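S.K.: mmCIF, C-alpha atoms and all ligand atoms, file my_file-v3.cif:
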```cif
data_structure
loop_
_atom_site.group_PDB
_atom_site.id
_atom_site.type_symbol
_atom_site.label_atom_id
_atom_site.label_comp_id
_atom_site.auth_asym_id
_atom_site.auth_seq_id
_atom_site.Cartn_x
_atom_site.Cartn_y
_atom_site.Cartn_z
ATOM 1 C CA ALA A 1 20.390 -11.189 16.927
ATOM 2 C CA ALA A 2 22.150 -9.851 13.822
ATOM 3 C CA LYS A 3 19.441 -11.424 11.724
ATOM 4 C CA MET A 4 16.653 -10.131 13.978
ATOM 5 C CA PRO A 5 17.346 -6.357 13.949
ATOM 6 C CA LEU A 6 13.637 -5.549 14.162
ATOM 7 C CA ARG A 7 12.910 -7.594 17.275
ATOM 8 C CA GLY A 8 10.733 -5.488 19.574
ATOM 9 C CA LYS A 9 9.585 -3.238 16.731
ATOM 10 C CA LYS A 10 5.983 -3.080 15.558
ATOM 11 C CA CYS A 11 5.089 -2.489 11.922
ATOM 12 C CA LEU A 12 1.905 -1.858 9.983
ATOM 13 C CA VAL A 13 1.641 -2.827 6.312
ATOM 14 C CA THR A 14 -1.303 -2.125 3.993
ATOM 15 C CA ALA A 15 -1.589 -4.400 0.971
ATOM 16 C CA GLY A 16 -3.837 -5.464 -1.856
ATOM 17 C CA PRO A 17 -6.710 -3.687 -3.579
ATOM 18 C CA THR A 18 -9.886 -2.232 -2.123
ATOM 19 C CA HIS A 19 -13.379 -3.066 -3.337
ATOM 20 C CA GLU A 20 -15.915 -0.245 -3.333
ATOM 21 C CA ALA A 21 -19.457 -1.608 -3.356
ATOM 22 C CA ILE A 22 -21.917 -0.423 -6.007
ATOM 23 C CA ASP A 23 -24.735 -2.796 -5.021
ATOM 24 C CA PRO A 24 -24.883 -6.198 -3.269
ATOM 25 C CA VAL A 25 -23.218 -7.989 -6.218
ATOM 26 C CA ARG A 26 -20.906 -5.387 -7.819
ATOM 27 C CA PHE A 27 -17.902 -3.308 -6.901
ATOM 28 C CA ILE A 28 -15.217 -0.968 -8.249
ATOM 29 C CA GLY A 29 -11.774 -2.488 -7.783
ATOM 30 C CA ASN A 30 -8.277 -2.756 -9.226
ATOM 31 C CA HIS A 31 -5.774 -5.439 -10.199
ATOM 32 C CA SER A 32 -3.570 -5.448 -7.074
ATOM 33 C CA SER A 33 -2.878 -9.008 -5.906
ATOM 34 C CA GLY A 34 -1.293 -8.159 -2.562
ATOM 35 C CA LYS A 35 2.004 -9.830 -3.541
ATOM 36 C CA MET A 36 4.199 -6.747 -2.980
ATOM 37 C CA GLY A 37 2.729 -5.953 0.420
ATOM 38 C CA MET A 38 2.770 -9.583 1.527
ATOM 39 C CA ALA A 39 6.474 -9.846 0.606
ATOM 40 C CA ILE A 40 7.215 -6.740 2.698
ATOM 41 C CA ALA A 41 5.224 -8.043 5.682
ATOM 42 C CA LEU A 42 7.070 -11.383 5.511
ATOM 43 C CA ASP A 43 10.483 -9.721 5.263
ATOM 44 C CA LEU A 44 9.766 -7.448 8.255
ATOM 45 C CA ALA A 45 8.563 -10.476 10.257
ATOM 46 C CA ASP A 46 11.579 -12.580 9.216
ATOM 47 C CA ARG A 47 13.745 -9.833 10.721
ATOM 48 C CA GLY A 48 11.889 -10.040 14.029
ATOM 49 C CA ALA A 49 9.219 -7.335 13.749
ATOM 50 C CA GLU A 50 5.655 -7.844 14.907
ATOM 51 C CA VAL A 51 3.557 -6.995 11.849
ATOM 52 C CA PHE A 52 -0.061 -5.906 11.461
ATOM 53 C CA LEU A 53 -0.937 -6.697 7.850
ATOM 54 C CA ILE A 54 -4.047 -4.794 6.791
ATOM 55 C CA MET A 55 -5.097 -6.466 3.587
ATOM 56 C CA GLY A 56 -7.793 -5.808 1.009
ATOM 57 C CA PRO A 57 -9.461 -8.699 -0.845
ATOM 58 C CA SER A 58 -6.629 -11.036 -1.923
ATOM 59 C CA ALA A 59 -6.289 -14.746 -2.588
ATOM 60 C CA LEU A 60 -2.854 -14.802 -0.950
ATOM 61 C CA ASN A 61 -2.331 -16.698 2.265
ATOM 62 C CA GLN A 62 1.189 -16.914 3.699
ATOM 63 C CA PRO A 63 0.855 -17.107 7.489
ATOM 64 C CA HIS A 64 3.765 -16.187 9.775
ATOM 65 C CA ASP A 65 3.958 -16.363 13.584
ATOM 66 C CA LEU A 66 4.771 -12.655 13.775
ATOM 67 C CA ILE A 67 2.104 -11.452 11.329
ATOM 68 C CA GLU A 68 -1.388 -10.558 12.491
ATOM 69 C CA ARG A 69 -3.587 -10.223 9.437
ATOM 70 C CA ILE A 70 -6.555 -7.868 9.423
ATOM 71 C CA ASP A 71 -8.768 -8.443 6.371
ATOM 72 C CA VAL A 72 -10.661 -5.446 5.016
ATOM 73 C CA VAL A 73 -12.785 -4.766 1.932
ATOM 74 C CA SER A 74 -13.190 -1.049 1.217
ATOM 75 C CA ALA A 75 -10.968 2.004 1.580
ATOM 76 C CA MET A 76 -13.074 3.146 4.549
ATOM 77 C CA ASP A 77 -12.578 -0.256 6.227
ATOM 78 C CA MET A 78 -8.833 0.017 5.566
ATOM 79 C CA LYS A 79 -8.715 3.515 7.055
ATOM 80 C CA ASN A 80 -10.575 2.370 10.181
ATOM 81 C CA ALA A 81 -8.147 -0.535 10.652
ATOM 82 C CA VAL A 82 -5.126 1.737 10.118
ATOM 83 C CA ASP A 83 -6.539 4.242 12.651
ATOM 84 C CA GLU A 84 -6.840 1.430 15.189
ATOM 85 C CA TYR A 85 -3.216 0.229 14.918
ATOM 86 C CA ILE A 86 -1.182 3.220 13.731
ATOM 87 C CA THR A 87 -0.408 4.785 17.107
ATOM 88 C CA SER A 88 1.174 1.551 18.346
ATOM 89 C CA VAL A 89 3.678 1.029 15.493
ATOM 90 C CA ASP A 90 7.248 2.203 14.800
ATOM 91 C CA ILE A 91 7.154 1.695 11.021
ATOM 92 C CA ALA A 92 4.249 1.863 8.543
ATOM 93 C CA VAL A 93 4.402 0.756 4.909
ATOM 94 C CA PHE A 94 1.519 1.699 2.585
ATOM 95 C CA SER A 95 1.652 -0.618 -0.418
ATOM 96 C CA ALA A 96 -2.106 -1.032 -0.911
ATOM 97 C CA ALA A 97 -3.785 0.158 -4.092
ATOM 98 C CA VAL A 98 -6.593 2.116 -2.440
ATOM 99 C CA ALA A 99 -9.552 3.317 -4.516
ATOM 100 C CA ASP A 100 -9.455 7.109 -4.717
ATOM 101 C CA TYR A 101 -13.271 7.222 -5.068
ATOM 102 C CA ARG A 102 -16.269 5.179 -3.897
ATOM 103 C CA PRO A 103 -19.906 5.219 -5.030
ATOM 104 C CA ALA A 104 -21.789 8.011 -3.233
ATOM 105 C CA THR A 105 -24.556 5.583 -2.327
ATOM 106 C CA VAL A 106 -24.633 1.781 -2.244
ATOM 107 C CA SER A 107 -27.837 0.378 -3.689
ATOM 108 C CA ASP A 108 -29.447 -2.104 -1.277
ATOM 109 C CA HIS A 109 -30.726 -4.180 -4.209
ATOM 110 C CA LYS A 110 -29.112 -5.365 -7.450
ATOM 111 C CA ILE A 111 -29.283 -2.496 -9.943
ATOM 112 C CA LYS A 112 -31.568 -3.589 -12.804
ATOM 113 C CA LYS A 113 -30.657 -3.344 -16.461
ATOM 114 C CA ALA A 114 -32.983 -0.708 -17.929
ATOM 115 C CA THR A 115 -31.687 2.567 -19.356
ATOM 116 C CA ASP A 116 -29.095 2.685 -22.182
ATOM 117 C CA THR A 117 -26.677 4.653 -20.037
ATOM 118 C CA LEU A 118 -26.162 4.568 -16.331
ATOM 119 C CA SER A 119 -24.129 6.946 -14.189
ATOM 120 C CA ILE A 120 -22.711 6.234 -10.778
ATOM 121 C CA GLU A 121 -21.765 9.237 -8.716
ATOM 122 C CA LEU A 122 -18.442 8.843 -6.912
ATOM 123 C CA VAL A 123 -17.146 10.612 -3.830
ATOM 124 C CA LYS A 124 -13.534 10.924 -2.737
ATOM 125 C CA ASN A 125 -12.099 8.451 -0.262
ATOM 126 C CA PRO A 126 -9.809 9.731 2.482
ATOM 127 C CA ASP A 127 -6.103 9.465 1.627
ATOM 128 C CA ILE A 128 -5.000 7.075 4.366
ATOM 129 C CA LEU A 129 -1.264 7.621 3.916
ATOM 130 C CA ALA A 130 -1.577 11.423 3.795
ATOM 131 C CA GLY A 131 -3.636 11.286 6.996
ATOM 132 C CA VAL A 132 -0.862 9.388 8.766
ATOM 133 C CA GLY A 133 1.752 11.755 7.322
ATOM 134 C CA ALA A 134 -0.157 14.641 8.901
ATOM 135 C CA MET A 135 -0.086 13.098 12.407
ATOM 136 C CA GLN A 136 1.792 15.060 15.047
ATOM 137 C CA LYS A 137 4.247 12.197 15.540
ATOM 138 C CA PRO A 138 3.941 9.765 12.625
ATOM 139 C CA PRO A 139 5.809 6.448 12.631
ATOM 140 C CA TYR A 140 8.644 5.951 10.123
ATOM 141 C CA LEU A 141 6.587 6.249 6.964
ATOM 142 C CA VAL A 142 6.970 4.383 3.673
ATOM 143 C CA GLY A 143 4.619 5.186 0.782
ATOM 144 C CA PHE A 144 4.293 3.832 -2.728
ATOM 145 C CA ALA A 145 3.647 5.660 -5.996
ATOM 146 C CA LEU A 146 2.300 3.791 -8.983
ATOM 147 C CA GLU A 147 2.752 6.024 -12.008
ATOM 148 C CA THR A 148 2.150 5.855 -15.746
ATOM 149 C CA ASN A 149 3.928 9.056 -16.894
ATOM 150 C CA ASN A 150 6.218 11.839 -15.581
ATOM 151 C CA GLU A 151 7.128 9.299 -12.926
ATOM 152 C CA MET A 152 9.856 11.132 -10.991
ATOM 153 C CA GLU A 153 7.962 14.421 -10.934
ATOM 154 C CA HIS A 154 4.768 12.786 -9.646
ATOM 155 C CA ALA A 155 6.672 10.686 -7.130
ATOM 156 C CA PHE A 156 8.547 13.663 -5.665
ATOM 157 C CA ALA A 157 5.224 15.507 -5.349
ATOM 158 C CA LYS A 158 3.650 12.529 -3.552
ATOM 159 C CA ALA A 159 6.602 12.191 -1.162
ATOM 160 C CA GLU A 160 6.227 15.830 -0.201
ATOM 161 C CA LYS A 161 2.429 15.875 0.016
ATOM 162 C CA LYS A 162 2.202 12.654 2.026
ATOM 163 C CA ASN A 163 5.264 13.417 4.197
ATOM 164 C CA THR A 164 7.014 10.060 3.608
ATOM 165 C CA ASP A 165 10.448 9.104 4.908
ATOM 166 C CA LEU A 166 10.787 6.731 1.968
ATOM 167 C CA LEU A 167 8.754 6.620 -1.240
ATOM 168 C CA VAL A 168 8.774 3.547 -3.475
ATOM 169 C CA LEU A 169 8.164 4.484 -7.102
ATOM 170 C CA ASN A 170 7.068 1.829 -9.587
ATOM 171 C CA SER A 171 5.935 2.533 -13.123
ATOM 172 C CA MET A 172 3.279 0.858 -15.231
ATOM 173 C CA ARG A 173 5.600 1.554 -18.186
ATOM 174 C CA ASP A 174 8.070 -1.037 -16.914
ATOM 175 C CA GLU A 175 7.365 -4.514 -18.216
ATOM 176 C CA GLU A 176 8.641 -6.032 -14.935
ATOM 177 C CA ALA A 177 6.551 -3.804 -12.639
ATOM 178 C CA GLY A 178 2.962 -3.518 -11.529
ATOM 179 C CA PHE A 179 -0.114 -5.467 -10.571
ATOM 180 C CA ASN A 180 -0.017 -9.203 -9.993
ATOM 181 C CA LYS A 181 3.480 -9.684 -11.476
ATOM 182 C CA ASP A 182 6.075 -11.639 -9.496
ATOM 183 C CA THR A 183 8.675 -8.950 -10.220
ATOM 184 C CA ASN A 184 8.941 -5.231 -9.625
ATOM 185 C CA LYS A 185 11.303 -2.445 -10.624
ATOM 186 C CA ILE A 186 11.562 0.399 -8.143
ATOM 187 C CA THR A 187 13.189 3.736 -7.466
ATOM 188 C CA LEU A 188 13.491 4.734 -3.808
ATOM 189 C CA ILE A 189 13.117 8.402 -2.921
ATOM 190 C CA ARG A 190 14.298 9.507 0.502
ATOM 191 C CA ARG A 191 13.179 12.471 2.582
ATOM 192 C CA ASP A 192 16.333 14.412 1.571
ATOM 193 C CA LYS A 193 15.172 13.987 -2.083
ATOM 194 C CA SER A 194 18.037 11.668 -3.001
ATOM 195 C CA SER A 195 16.900 8.767 -5.172
ATOM 196 C CA ARG A 196 18.194 5.324 -6.071
ATOM 197 C CA GLU A 197 17.052 3.192 -8.963
ATOM 198 C CA PHE A 198 17.106 -0.606 -8.619
ATOM 199 C CA PRO A 199 17.095 -3.207 -11.394
ATOM 200 C CA ALA A 200 14.035 -5.432 -11.894
ATOM 201 C CA LYS A 201 13.906 -8.197 -9.261
ATOM 202 C CA SER A 202 11.410 -10.601 -7.735
ATOM 203 C CA LYS A 203 8.993 -8.923 -5.311
ATOM 204 C CA VAL A 204 10.648 -10.956 -2.517
ATOM 205 C CA GLU A 205 14.026 -9.355 -3.369
ATOM 206 C CA VAL A 206 12.440 -5.917 -3.800
ATOM 207 C CA ALA A 207 10.913 -6.241 -0.320
ATOM 208 C CA LYS A 208 14.417 -6.940 1.076
ATOM 209 C CA ASP A 209 15.811 -3.828 -0.632
ATOM 210 C CA ILE A 210 13.016 -1.693 0.840
ATOM 211 C CA VAL A 211 13.467 -3.092 4.366
ATOM 212 C CA ASP A 212 17.291 -2.705 4.102
ATOM 213 C CA GLU A 213 16.720 0.962 3.300
ATOM 214 C CA ILE A 214 14.339 1.371 6.273
ATOM 215 C CA LEU A 215 16.938 -0.212 8.577
ATOM 216 C CA LYS A 216 19.629 2.216 7.421
ATOM 217 C CA ASP A 217 17.402 5.067 8.604
ATOM 218 C CA ILE A 218 16.096 3.752 11.911
ATOM 219 C CA MET A 219 19.095 1.856 13.317
HETATM 220 O O1 LIG B 301 -0.375 -6.052 -5.102
HETATM 221 P P1 LIG B 301 0.518 -6.344 -6.298
HETATM 222 O O2 LIG B 301 -0.231 -7.066 -7.394
HETATM 223 O O3 LIG B 301 1.803 -7.034 -5.898
HETATM 224 O O4 LIG B 301 0.939 -4.932 -6.950
HETATM 225 C C1 LIG B 301 1.774 -4.058 -6.234
HETATM 226 C C2 LIG B 301 1.365 -2.571 -6.427
HETATM 227 C C3 LIG B 301 1.526 -2.175 -7.890
HETATM 228 C C4 LIG B 301 -0.091 -2.389 -5.996
HETATM 229 C C5 LIG B 301 2.313 -1.746 -5.501
HETATM 230 O O5 LIG B 301 3.649 -1.937 -5.901
HETATM 231 C C6 LIG B 301 1.971 -0.267 -5.537
HETATM 232 O O6 LIG B 301 2.444 0.509 -6.363
HETATM 233 N N1 LIG B 301 1.104 0.170 -4.582
HETATM 234 C C7 LIG B 301 0.555 1.542 -4.526
HETATM 235 C C8 LIG B 301 -0.529 1.645 -5.561
HETATM 236 C C9 LIG B 301 -1.202 2.973 -5.553
HETATM 237 O O7 LIG B 301 -2.395 3.031 -5.405
HETATM 238 O O8 LIG B 301 -0.418 4.036 -5.694
HETATM 239 P P2 LIG B 301 -0.888 5.564 -5.670
HETATM 240 O O9 LIG B 301 0.225 6.309 -6.349
HETATM 241 O O10 LIG B 301 -2.281 5.737 -6.194
HETATM 242 O O11 LIG B 301 -0.948 5.919 -4.108
HETATM 243 C C10 LIG B 301 0.093 6.580 -3.443
HETATM 244 C C11 LIG B 301 0.218 6.113 -2.011
HETATM 245 O O12 LIG B 301 -0.888 6.563 -1.228
HETATM 246 C C12 LIG B 301 0.293 4.600 -1.818
HETATM 247 O O13 LIG B 301 1.204 4.337 -0.762
HETATM 248 C C13 LIG B 301 -1.134 4.239 -1.418
HETATM 249 O O14 LIG B 301 -1.173 3.061 -0.614
HETATM 250 C C14 LIG B 301 -1.555 5.480 -0.621
HETATM 251 N N2 LIG B 301 -3.004 5.776 -0.662
HETATM 252 C C15 LIG B 301 -3.598 6.153 -1.835
HETATM 253 C C16 LIG B 301 -4.937 6.508 -1.853
HETATM 254 C C17 LIG B 301 -5.677 6.467 -0.640
HETATM 255 N N3 LIG B 301 -6.966 6.795 -0.612
HETATM 256 N N4 LIG B 301 -5.067 6.087 0.496
HETATM 257 C C18 LIG B 301 -3.751 5.750 0.509
HETATM 258 O O15 LIG B 301 -3.204 5.408 1.576
#
```
How does the structure come out when it is put into structure tokens?
Ligand code: PMT

M.R.:
Amino acid sequence: AAKMPLRGKKCLVTAGPTHEAIDPVRFIGNHSSGKMGMAIALDLADRGAEVFLIMGPSALNQPHDLIERIDVVSAMDMKNAVDEYITSVDIAVFSAAVADYRPATVSDHKIKKATDTLSIELVKNPDILAGVGAMQKPPYLVGFALETNNEMEHAFAKAEKKNTDLLVLNSMRDEEAGFNKDTNKITLIRRDKSSREFPAKSKVEVAKDIVDEILKDIM
């Protein structure tokens, strides 16, 4: 039982990138592999939680008896899946790299090469995490912040705006952090604005540190 502290708890994890369709053969995406989110889902499940893993397009496949995987493509798909599961969970971790914008219209045929320049109008996607943070009774909420500059300032602003209990900051400036790497280097920011910087570790170890921190708060 000591090793299964999350038995009976339900968790939602978002992971991976989103793909925003331009036409039937093209999309706007990003370099997230899903490794960070998958490691968190596995760690939560290893500690006894039932996990709903809502995952954008990713080549990863690491099944676990306690993980139900919901595959999605776009940010809107991810939001719809989150809406479906969020009210039934105790803990939600938002590690996905969600596209902030999507094409205003999706062409129903392959866009032909013609003009020298081509513009695609983009419209804002809903901020899934902020939406959950604004719920009347949100679950214990963990957000991520991927920054390139003024990291702490931006991360504190995100924690406040998205109403997170725990915010995981990682910086593109760190060699060991970011998309598709097997390592990450994080700073955890708590609701009381205290912060703790961790050394670079494998994403599996980083996931453990994050879940340890969650447990301190909810147990
Ligand atoms: O998948 P890997 O290759 O292992 O890479 C891991 C990672 C770099 C993707 C991961 O560690 C990470 O930083 N994930 C968050 C990436 C991101 O998009 O950060 P952001 O600062 O833009 O978003 C802030 C938070 O809001 C995130 O929790 C994000 O999931 C959430 N968000 C953002 C936009 C949106 N429309 N909806 C959201 O829920």

S.K.: Throw together the list of residues within 6 Å of ligand LIG 301 (chain B), counting all atoms listed in the file, and drop it here as a ChimeraX atom specification.

M.R.: /A:16,32-36,94-100,125-129,143-146,170,178-180

S.K.: Interatomic distance between CA of Ile70 in chain A and CA of His31 in chain A?

M.R.: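 A separation of 19.8 Å between them.
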
S.K.: For Ala177 in chain A, find every residue with an atom within 12 Å (counting only C-alpha atoms), except residues of its own chain fewer than 3 positions away, and show them as a list in words.

M.R.: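 Once the adjacent positions are removed, what remains is Ser32, Lys35, Met36, Ala145, Leu146, Glu147, Thr148, Val168, Leu169, Asn170, Ser171, Met172, Arg173, Asp174, Asn180, Lys181, Asp182, Thr183, Asn184, Lys185, Ile186, Thr187, Phe198, Pro199, Ala200, Lys201, Ser202, Lys203 and Val206 of chain A.
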
S.K.: Neighbours of Asp46 in chain A within 10 Å (only C-alpha atoms; same-chain residues fewer than 5 positions away dropped), as a ChimeraX atom specification?

M.R.: /A:3-7,40-41,64-67

S.K.: What's around range 49-54 of chain A at 8 Å? Count all atoms listed in the file, leave out sequence neighbours fewer than 6 positions away in its own chain, and write the answer as a ChimeraX atom specification.

M.R.: /A:4,6-15,38,41,66-72,78,81-82,85

S.K.: I need the chosen residues saved as a PDB file, in the coordinates of the input, with C-alpha atoms.

M.R.:
```
ATOM      1  CA  MET A   4      16.653 -10.131  13.978  1.00  0.00           C
ATOM      2  CA  LEU A   6      13.637  -5.549  14.162  1.00  0.00           C
ATOM      3  CA  ARG A   7      12.910  -7.594  17.275  1.00  0.00           C
ATOM      4  CA  GLY A   8      10.733  -5.488  19.574  1.00  0.00           C
ATOM      5  CA  LYS A   9       9.585  -3.238  16.731  1.00  0.00           C
ATOM      6  CA  LYS A  10       5.983  -3.080  15.558  1.00  0.00           C
ATOM      7  CA  CYS A  11       5.089  -2.489  11.922  1.00  0.00           C
ATOM      8  CA  LEU A  12       1.905  -1.858   9.983  1.00  0.00           C
ATOM      9  CA  VAL A  13       1.641  -2.827   6.312  1.00  0.00           C
ATOM     10  CA  THR A  14      -1.303  -2.125   3.993  1.00  0.00           C
ATOM     11  CA  ALA A  15      -1.589  -4.400   0.971  1.00  0.00           C
ATOM     12  CA  MET A  38       2.770  -9.583   1.527  1.00  0.00           C
ATOM     13  CA  ALA A  41       5.224  -8.043   5.682  1.00  0.00           C
ATOM     14  CA  LEU A  66       4.771 -12.655  13.775  1.00  0.00           C
ATOM     15  CA  ILE A  67       2.104 -11.452  11.329  1.00  0.00           C
ATOM     16  CA  GLU A  68      -1.388 -10.558  12.491  1.00  0.00           C
ATOM     17  CA  ARG A  69      -3.587 -10.223   9.437  1.00  0.00           C
ATOM     18  CA  ILE A  70      -6.555  -7.868   9.423  1.00  0.00           C
ATOM     19  CA  ASP A  71      -8.768  -8.443   6.371  1.00  0.00           C
ATOM     20  CA  VAL A  72     -10.661  -5.446   5.016  1.00  0.00           C
ATOM     21  CA  MET A  78      -8.833   0.017   5.566  1.00  0.00           C
ATOM     22  CA  ALA A  81      -8.147  -0.535  10.652  1.00  0.00           C
ATOM     23  CA  VAL A  82      -5.126   1.737  10.118  1.00  0.00           C
ATOM     24  CA  TYR A  85      -3.216   0.229  14.918  1.00  0.00           C
TER      25      TYR A  85
END
```

S.K.: Figure out the distance between CA of Arg102 in chain A and CA of Asp116 in chain A, please, to one decimal in Å.

M.R.: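 Value for the CA of Asp116 in chain A-CA of Arg102 in chain A distance: 22.5 Å.
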
S.K.: Starting from the shown file, work through the PyMOL selection byres (((chain A and resi 22) around 12) and not hetatm) and note down what comes out as a PDB file with C-alpha atoms, in the frame of the given file.

M.R.:
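Wrote it out as expr-v3.pdb, contents follow:
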```pdb
ATOM      1  CA  HIS A  19     -13.379  -3.066  -3.337  1.00  0.00           C
ATOM      2  CA  GLU A  20     -15.915  -0.245  -3.333  1.00  0.00           C
ATOM      3  CA  ALA A  21     -19.457  -1.608  -3.356  1.00  0.00           C
ATOM      4  CA  ASP A  23     -24.735  -2.796  -5.021  1.00  0.00           C
ATOM      5  CA  PRO A  24     -24.883  -6.198  -3.269  1.00  0.00           C
ATOM      6  CA  VAL A  25     -23.218  -7.989  -6.218  1.00  0.00           C
ATOM      7  CA  ARG A  26     -20.906  -5.387  -7.819  1.00  0.00           C
ATOM      8  CA  PHE A  27     -17.902  -3.308  -6.901  1.00  0.00           C
ATOM      9  CA  ILE A  28     -15.217  -0.968  -8.249  1.00  0.00           C
ATOM     10  CA  GLY A  29     -11.774  -2.488  -7.783  1.00  0.00           C
ATOM     11  CA  SER A  74     -13.190  -1.049   1.217  1.00  0.00           C
ATOM     12  CA  TYR A 101     -13.271   7.222  -5.068  1.00  0.00           C
ATOM     13  CA  ARG A 102     -16.269   5.179  -3.897  1.00  0.00           C
ATOM     14  CA  PRO A 103     -19.906   5.219  -5.030  1.00  0.00           C
ATOM     15  CA  ALA A 104     -21.789   8.011  -3.233  1.00  0.00           C
ATOM     16  CA  THR A 105     -24.556   5.583  -2.327  1.00  0.00           C
ATOM     17  CA  VAL A 106     -24.633   1.781  -2.244  1.00  0.00           C
ATOM     18  CA  SER A 107     -27.837   0.378  -3.689  1.00  0.00           C
ATOM     19  CA  ASP A 108     -29.447  -2.104  -1.277  1.00  0.00           C
ATOM     20  CA  HIS A 109     -30.726  -4.180  -4.209  1.00  0.00           C
ATOM     21  CA  LYS A 110     -29.112  -5.365  -7.450  1.00  0.00           C
ATOM     22  CA  ILE A 111     -29.283  -2.496  -9.943  1.00  0.00           C
ATOM     23  CA  SER A 119     -24.129   6.946 -14.189  1.00  0.00           C
ATOM     24  CA  ILE A 120     -22.711   6.234 -10.778  1.00  0.00           C
ATOM     25  CA  GLU A 121     -21.765   9.237  -8.716  1.00  0.00           C
ATOM     26  CA  LEU A 122     -18.442   8.843  -6.912  1.00  0.00           C
TER      27      LEU A 122
END
```

S.K.: So which one's closest to Gly133 in chain A, A:Arg191, A:Arg196, A:Arg47, A:Lys162? Using all atoms listed in the file, please.

M.R.: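 Looking at the shortest contact to Gly133 in chain A, the residue is A:Lys162.
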
S.K.: Can you measure CA of Gln136 in chain A to CA of Thr87 in chain A for me? One decimal in Å is fine.

M.R.: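 So the answer is 10.7 Å.
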
S.K.: Give as a ChimeraX atom specification the residues that the PyMOL selection byres (((chain A and resi 189) around 12) and not hetatm) matches when applied to the coordinates above.

M.R.: /A:142-145,151-160,163-170,186-188,190-198,210,213-214

S.K.: Check which residues satisfy the PyMOL selection byres (((chain A and resi 91) around 6) and not hetatm) in the file shown, then give them as a count of residues only.

M.R.: 6

S.K.: Using only C-alpha atoms, which protein or nucleic acid residues come within 9 Å of Val73 in chain A? Drop anything in the same chain fewer than 6 positions from it, and give the result as number ranges by chain.

M.R.: A: 17-20, 55-57

S.K.: Write out, as a compact mmCIF listing (two decimals), in the frame of the given file, the residues just selected, with C-alpha atoms.

M.R.:
```txt
# COMPACT_ATOMS: atom_id res chain seq x y z
CA PRO A 17 -6.71 -3.69 -3.58
CA THR A 18 -9.89 -2.23 -2.12
CA HIS A 19 -13.38 -3.07 -3.34
CA GLU A 20 -15.92 -0.24 -3.33
CA MET A 55 -5.10 -6.47 3.59
CA GLY A 56 -7.79 -5.81 1.01
CA PRO A 57 -9.46 -8.70 -0.84
```
